[in-house]
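Everything on this sheet refers to the single structure shown next.
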Amino acid sequence: TSLFAGIQDAPLDPIMRLFEAFNADTRPGKLNLAIGVYTDAEGKVPRLRAVQEAEKRWIEKGLPKTYRPIEGTKPFRDAVQALLFGDGAPILSQNRAATLQSVGGTGALKIGADVLAKLRPGATVAVSDPTWENHRALFTQAGFTVTEYPYFSADTGGVDYPAMRAALAALPAGSIVVLHACCHNPTGADLTAEEWADLVPFLREKGLIPFLDIAYQGFGIDLDADAAPVRLLAESGQEFFVASSFSKSFSLYGERVGALTVVASDPAMRAKVEALAKRLVRWSYSNPVTHGAAIVEIVLTDPALKADWVKELGEMRERIKEMRVRMADSLHQRHPDRGFEAIKAQKGMFSYTGLSPEEAVKLREEHEVYALETGRICVAAVNTHNIDRVLDAIDGAVK
Ligand code: PMP
C-alpha cells in the first residue's frame, strides 16, 4: 500500500475553497469580495510609488542576492521597531525587544508559536471568535490546545468587550492570548482605546501572554493609532509577542515580508529569546528572503520614500473608508433593520456584513458576487466602478 494511504482527507480552508470556485466560475460578471487583497480604484493590486522607486534603486545597486542574516539586517529590524513602537520610544533603546525578519505575518506567527511551544508546552492559546482561519490551525500545529474567546457582537457589529474580558479572566495563568492589534480580520470590529487601556494591565494581572497580530497597520486610523496596543504593552513592561505583516501595507503579498518581535523583561532575557528564535528559524528555513525585505528596508530608511509610502497608505485607507460610508448609508437606507450601519465604523479591509450563509450562497449563485459564507466581505475590493453592482447584489440577496 502507498505510504500516503493514511492521509486524512481534509477540506481546504473556506477562503481557498472559494478562491478555487471563483477561478472555475465562467460567468463574465463574476466579482470576488471573498479575497484578502487590497485593490485600487481601478480594481488592480497596486504597485506602490515608493515600492517602485525602491525597486529601481535596488536594481541599480546591482547587489548580489546573497543570504541575509537569520534575523534580517539591522536597519530592517530597527525600522520595524520604529513602526511598531514609534520614533524615539523608550523601548527602542532599552534593548529588550528582539525583532526577526519573517516569512510574512504567517511566518512571524509560526516562529512565535514555535518559541512559545518550547517555553509553555501544553498551554492554552485563546483566539477571538471569529478570527483569521489560520490562527487556530497554526497554533494547533505547533502543539497547543486552541480555544476561543467571545469577540464579535452581531447585535452591534462591534466587539462584546465585557464577554471577552470575562472569558479571558477564566483562562489559566500562562495561557497565550492572540489579539488583533487593529483592523480585525474577519469582522472589522476593533477594541476602543479605552478597552485596550483596560485590557493591557488586566492581561498582566492575570499572567496571560499577549501575542499581537498586526497585519493591517495603517489601514485603520493611521500608522501610530493602529499600533497603540503594541505601545501600551511596551509601556506596561510586560513580555509579549508581535507578528507584523507588510503584505498589505506595502502591497508586497508574494514577496513574503514580515517580522516577529518578542519583547522581554530585560536585555539578558531578550538575548535568550532572540537566540532561541534564531535557532528555530535556522531549523525551519535557514534564512529569510532578500528582495522583498530589501525593498521595505529602502522605503523605511529613506525619509522621503517613507513619507510617500505613509501618504499612499493613507490614500488606500481613505479610499476604503469612502466605500464603507457609501455601502453603509445605502444598505442601511434599504434595510434599516439589518445593522448595515456598522460597516461604517468597522476598520481595515474587511467587514462582517451580517449576511447569513444562505444569503452569501444566493449572492454568489444569483448575483455573481463572492463573499465568505460567514458574511465577510473585502471592502478593499469595492470601488466606484463596481459599488452599485455590489449594493444591488446584496440588496437582492437579503430580500
Ligand atoms: N494575520 C492576519 C490577521 C491576516 O489577515 C493575515 C493575512 N491575511 C496574516 C496574519 C498573514 O499575513 P501574510 O500574508 O503576511 O503571511
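We label chains A, B, ... in the order they appear in the C-alpha cells, count residues from 1 in each chain, and number ligands from 1 in the order shown.
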
Fill in: At most 7 Å from ligand 1 (only C-alpha atoms and all ligand atoms): residue list as a VMD selection string
chain A and resid 36 103 to 107 132 180 184 to 185 213 to 215 245 to 247 253 256 to 258

Okay, now the selection with C-alpha atoms, as a PDB file, in the first residue's frame?
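Resulting contents of again-v5.pdb:
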```
ATOM      1  CA  GLY A  36      -7.936  39.312   1.321  1.00  0.00           C
ATOM      2  CA  VAL A 103       8.202  34.897   6.039  1.00  0.00           C
ATOM      3  CA  GLY A 104       5.236  37.269   6.030  1.00  0.00           C
ATOM      4  CA  GLY A 105       2.997  37.700   9.046  1.00  0.00           C
ATOM      5  CA  THR A 106       2.250  33.975   8.909  1.00  0.00           C
ATOM      6  CA  GLY A 107       5.919  33.141   9.382  1.00  0.00           C
ATOM      7  CA  TRP A 132      -8.395  34.631  10.740  1.00  0.00           C
ATOM      8  CA  HIS A 180      -5.571  41.600  16.522  1.00  0.00           C
ATOM      9  CA  HIS A 184      -9.723  42.727  12.936  1.00  0.00           C
ATOM     10  CA  ASN A 185      -9.883  40.028  10.290  1.00  0.00           C
ATOM     11  CA  ASP A 213      -1.091  40.120  15.256  1.00  0.00           C
ATOM     12  CA  ILE A 214      -0.688  43.350  13.273  1.00  0.00           C
ATOM     13  CA  ALA A 215      -1.247  42.616   9.602  1.00  0.00           C
ATOM     14  CA  SER A 245       2.989  41.684   8.132  1.00  0.00           C
ATOM     15  CA  PHE A 246       3.982  44.011   5.301  1.00  0.00           C
ATOM     16  CA  SER A 247       1.965  42.112   2.707  1.00  0.00           C
ATOM     17  CA  TYR A 253       1.953  39.901  -0.820  1.00  0.00           C
ATOM     18  CA  ARG A 256       6.609  37.347   1.967  1.00  0.00           C
ATOM     19  CA  VAL A 257       7.886  40.121   4.203  1.00  0.00           C
ATOM     20  CA  GLY A 258       7.027  40.285   7.870  1.00  0.00           C
TER      21      GLY A 258
END
```

Just the residues within 8 Å of Val382 of chain A, please, counting only C-alpha atoms, with nothing from its chain fewer than 2 positions along; format it as a PDB file with N, CA and C atoms, in the first residue's frame.
```
ATOM      1  N   LEU A  33     -15.407  39.277  -3.729  1.00  0.00           N
ATOM      2  CA  LEU A  33     -15.264  40.046  -2.481  1.00  0.00           C
ATOM      3  C   LEU A  33     -14.857  39.113  -1.343  1.00  0.00           C
ATOM      4  N   THR A  39      -7.408  46.124  -3.523  1.00  0.00           N
ATOM      5  CA  THR A  39      -7.313  46.559  -4.912  1.00  0.00           C
ATOM      6  C   THR A  39      -7.686  48.035  -4.979  1.00  0.00           C
ATOM      7  N   GLY A  43      -9.544  48.539  -9.478  1.00  0.00           N
ATOM      8  CA  GLY A  43      -9.680  47.100  -9.245  1.00  0.00           C
ATOM      9  C   GLY A  43      -8.370  46.337  -9.381  1.00  0.00           C
ATOM     10  N   ILE A 320     -10.879  53.088   1.114  1.00  0.00           N
ATOM     11  CA  ILE A 320     -11.722  52.054   1.733  1.00  0.00           C
ATOM     12  C   ILE A 320     -12.815  52.705   2.583  1.00  0.00           C
ATOM     13  N   MET A 323     -15.679  53.913   0.598  1.00  0.00           N
ATOM     14  CA  MET A 323     -16.551  52.810   0.182  1.00  0.00           C
ATOM     15  C   MET A 323     -17.415  52.345   1.360  1.00  0.00           C
ATOM     16  N   CYS A 378     -14.658  41.742   1.526  1.00  0.00           N
ATOM     17  CA  CYS A 378     -13.457  42.561   1.470  1.00  0.00           C
ATOM     18  C   CYS A 378     -13.869  43.926   0.914  1.00  0.00           C
ATOM     19  N   VAL A 379     -13.989  44.909   1.802  1.00  0.00           N
ATOM     20  CA  VAL A 379     -14.414  46.247   1.363  1.00  0.00           C
ATOM     21  C   VAL A 379     -13.336  46.854   0.466  1.00  0.00           C
ATOM     22  N   ALA A 380     -12.105  46.402   0.656  1.00  0.00           N
ATOM     23  CA  ALA A 380     -10.981  46.914  -0.138  1.00  0.00           C
ATOM     24  C   ALA A 380     -11.053  46.465  -1.601  1.00  0.00           C
ATOM     25  N   THR A 384     -15.532  52.498  -7.112  1.00  0.00           N
ATOM     26  CA  THR A 384     -16.633  53.287  -7.680  1.00  0.00           C
ATOM     27  C   THR A 384     -17.238  52.627  -8.919  1.00  0.00           C
ATOM     28  N   ASN A 386     -17.641  49.255  -9.294  1.00  0.00           N
ATOM     29  CA  ASN A 386     -18.448  48.062  -9.007  1.00  0.00           C
ATOM     30  C   ASN A 386     -19.411  48.241  -7.822  1.00  0.00           C
ATOM     31  N   ILE A 387     -19.354  49.415  -7.159  1.00  0.00           N
ATOM     32  CA  ILE A 387     -20.135  49.532  -5.909  1.00  0.00           C
ATOM     33  C   ILE A 387     -21.644  49.407  -6.138  1.00  0.00           C
ATOM     34  N   VAL A 390     -22.447  45.841  -6.414  1.00  0.00           N
ATOM     35  CA  VAL A 390     -22.322  45.175  -5.109  1.00  0.00           C
ATOM     36  C   VAL A 390     -23.554  45.464  -4.253  1.00  0.00           C
TER      37      VAL A 390
END
```

Write out as a Markdown table a residue-level contact list of segment 214-273 of chain A versus segment 79-97 of chain A with cut-off 8 Å: for each qualifying residue the closest pair of atoms and the distance in Å to one decimal, counting only C-alpha atoms, rows sorted by chain and residue number upward.
```
| residue | atom | partner | partner_atom | distance |
| --- | --- | --- | --- | --- |
| A:Leu223 | CA | A:Leu83 | CA | 7.5 |
| A:Asp224 | CA | A:Gly86 | CA | 6.9 |
| A:Ala227 | CA | A:Leu84 | CA | 5.8 |
| A:Val230 | CA | A:Leu84 | CA | 6.7 |
| A:Arg231 | CA | A:Phe85 | CA | 5.4 |
| A:Ala234 | CA | A:Ile91 | CA | 6.9 |
| A:Glu235 | CA | A:Ile91 | CA | 7.9 |
| A:Ala259 | CA | A:Val80 | CA | 7.4 |
| A:Thr261 | CA | A:Ala97 | CA | 6.5 |
| A:Val262 | CA | A:Ala97 | CA | 5.6 |
| A:Val263 | CA | A:Ala97 | CA | 4.2 |
| A:Ala264 | CA | A:Arg96 | CA | 5.2 |
| A:Ser265 | CA | A:Arg96 | CA | 6.4 |
| A:Asp266 | CA | A:Arg96 | CA | 5.0 |
| A:Pro267 | CA | A:Arg96 | CA | 4.6 |
| A:Ala268 | CA | A:Arg96 | CA | 7.9 |
| A:Met269 | CA | A:Arg96 | CA | 7.5 |
| A:Arg270 | CA | A:Arg96 | CA | 5.1 |
```

Can I get the selection written as a CSV table (one decimal), in the first residue's frame, with C-alpha atoms?
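Dumped to result_31.csv:
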```csv
chain,number,residue,atom,x,y,z
A,223,LEU,CA,0.1,54.0,11.5
A,224,ASP,CA,0.5,55.3,15.0
A,227,ALA,CA,-0.1,50.4,16.8
A,230,VAL,CA,1.6,47.4,20.9
A,231,ARG,CA,2.8,50.7,22.5
A,234,ALA,CA,5.6,48.1,25.7
A,235,GLU,CA,4.9,50.8,28.3
A,259,ALA,CA,8.7,40.4,11.3
A,261,THR,CA,9.1,41.0,17.6
A,262,VAL,CA,9.5,39.5,21.1
A,263,VAL,CA,9.5,41.9,24.0
A,264,ALA,CA,11.3,40.6,27.1
A,265,SER,CA,11.7,42.0,30.6
A,266,ASP,CA,15.3,43.0,30.2
A,267,PRO,CA,18.2,42.8,27.7
A,268,ALA,CA,19.5,39.4,29.1
A,269,MET,CA,16.1,37.8,28.6
A,270,ARG,CA,15.9,39.4,25.2
```

Worksheet item: With distances taken over only C-alpha atoms, which of A:Gly6, A:Gly292, A:Gly158, A:Gly396 is nearest to Gln52 of chain A?
Response: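 Once distances to Gln52 of chain A are computed over only C-alpha atoms, the minimum belongs to A:Gly292.
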
Item to complete: Quote the spacing between atom CA of Ala108 of chain A and atom CA of Lys61 of chain A in Å to one decimal place.
Response: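 Computing it gives 28.8 Å between the two atoms.
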
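Closest approach to Val273 of chain A among A:Asn23, A:Glu239, A:Asn383, A:Glu318: A:Glu239, based on only C-alpha atoms.
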
Worksheet item: Using only C-alpha atoms, which residues sit within 7 Å of Val398 of chain A once same-chain residues fewer than 3 positions away are excluded, as a PyMOL selection string?
Response: chain A and resi 359+394-395

Item to complete: Determine, counting only C-alpha atoms, which protein, DNA and RNA residues have an atom within 8 Å of an atom of Gly207 of chain A; residues of the same chain fewer than 3 positions away are not included. Present the result as a list in words.
Response: Ala173, Gly174, Ser175, Leu203 and Arg204 of chain A

Discussion item. Just list as a ChimeraX atom specification whatever in segment 267-340 of chain A DSSP marks as alpha helix (DSSP H).
Written reply: /A:267-284,291-301,303-334

Now that the selection is made, can you save its residues with C-alpha atoms as an mmCIF file, in the first residue's frame?
```cif
data_model
loop_
_atom_site.group_PDB
_atom_site.id
_atom_site.type_symbol
_atom_site.label_atom_id
_atom_site.label_comp_id
_atom_site.auth_asym_id
_atom_site.auth_seq_id
_atom_site.Cartn_x
_atom_site.Cartn_y
_atom_site.Cartn_z
ATOM 1 C CA PRO A 267 18.235 42.763 27.726
ATOM 2 C CA ALA A 268 19.511 39.446 29.096
ATOM 3 C CA MET A 269 16.120 37.773 28.568
ATOM 4 C CA ARG A 270 15.875 39.436 25.169
ATOM 5 C CA ALA A 271 19.180 37.862 24.159
ATOM 6 C CA LYS A 272 17.980 34.424 25.286
ATOM 7 C CA VAL A 273 14.709 34.520 23.404
ATOM 8 C CA GLU A 274 16.330 36.040 20.324
ATOM 9 C CA ALA A 275 18.859 33.210 20.218
ATOM 10 C CA LEU A 276 16.067 30.630 20.566
ATOM 11 C CA ALA A 277 14.031 32.238 17.797
ATOM 12 C CA LYS A 278 17.104 32.279 15.551
ATOM 13 C CA ARG A 279 17.709 28.588 16.159
ATOM 14 C CA LEU A 280 14.087 27.833 15.298
ATOM 15 C CA VAL A 281 14.368 29.840 12.061
ATOM 16 C CA ARG A 282 17.577 28.017 11.203
ATOM 17 C CA TRP A 283 15.882 24.664 11.716
ATOM 18 C CA SER A 284 12.818 25.709 9.715
ATOM 19 C CA HIS A 291 14.243 41.027 -2.303
ATOM 20 C CA GLY A 292 11.031 41.987 -0.530
ATOM 21 C CA ALA A 293 12.792 42.861 2.701
ATOM 22 C CA ALA A 294 15.368 44.968 0.853
ATOM 23 C CA ILE A 295 12.510 46.945 -0.712
ATOM 24 C CA VAL A 296 10.767 47.517 2.617
ATOM 25 C CA GLU A 297 14.099 48.462 4.166
ATOM 26 C CA ILE A 298 14.895 51.020 1.450
ATOM 27 C CA VAL A 299 11.465 52.638 1.827
ATOM 28 C CA LEU A 300 11.528 52.768 5.615
ATOM 29 C CA THR A 301 15.074 54.089 5.892
ATOM 30 C CA PRO A 303 12.734 59.763 4.854
ATOM 31 C CA ALA A 304 11.328 60.971 1.512
ATOM 32 C CA LEU A 305 10.322 57.494 0.368
ATOM 33 C CA LYS A 306 8.870 56.708 3.756
ATOM 34 C CA ALA A 307 6.815 59.907 3.701
ATOM 35 C CA ASP A 308 5.459 58.997 0.283
ATOM 36 C CA TRP A 309 4.627 55.481 1.471
ATOM 37 C CA VAL A 310 2.796 56.878 4.507
ATOM 38 C CA LYS A 311 0.875 59.160 2.155
ATOM 39 C CA GLU A 312 -0.088 56.391 -0.260
ATOM 40 C CA LEU A 313 -1.059 54.057 2.580
ATOM 41 C CA GLY A 314 -3.298 56.891 3.794
ATOM 42 C CA GLU A 315 -4.826 57.127 0.332
ATOM 43 C CA MET A 316 -5.616 53.416 0.370
ATOM 44 C CA ARG A 317 -7.166 53.729 3.818
ATOM 45 C CA GLU A 318 -9.284 56.736 2.856
ATOM 46 C CA ARG A 319 -10.492 55.007 -0.300
ATOM 47 C CA ILE A 320 -11.722 52.054 1.733
ATOM 48 C CA LYS A 321 -13.392 54.393 4.227
ATOM 49 C CA GLU A 322 -15.219 56.153 1.418
ATOM 50 C CA MET A 323 -16.551 52.810 0.182
ATOM 51 C CA ARG A 324 -17.572 51.931 3.745
ATOM 52 C CA VAL A 325 -19.602 55.111 4.089
ATOM 53 C CA ARG A 326 -21.327 54.633 0.746
ATOM 54 C CA MET A 327 -22.104 50.969 1.416
ATOM 55 C CA ALA A 328 -23.327 51.550 4.965
ATOM 56 C CA ASP A 329 -25.529 54.503 4.024
ATOM 57 C CA SER A 330 -27.091 52.864 1.020
ATOM 58 C CA LEU A 331 -27.664 49.450 2.604
ATOM 59 C CA HIS A 332 -28.961 50.948 5.810
ATOM 60 C CA GLN A 333 -31.438 53.015 3.856
ATOM 61 C CA ARG A 334 -32.691 49.955 2.010
#
```
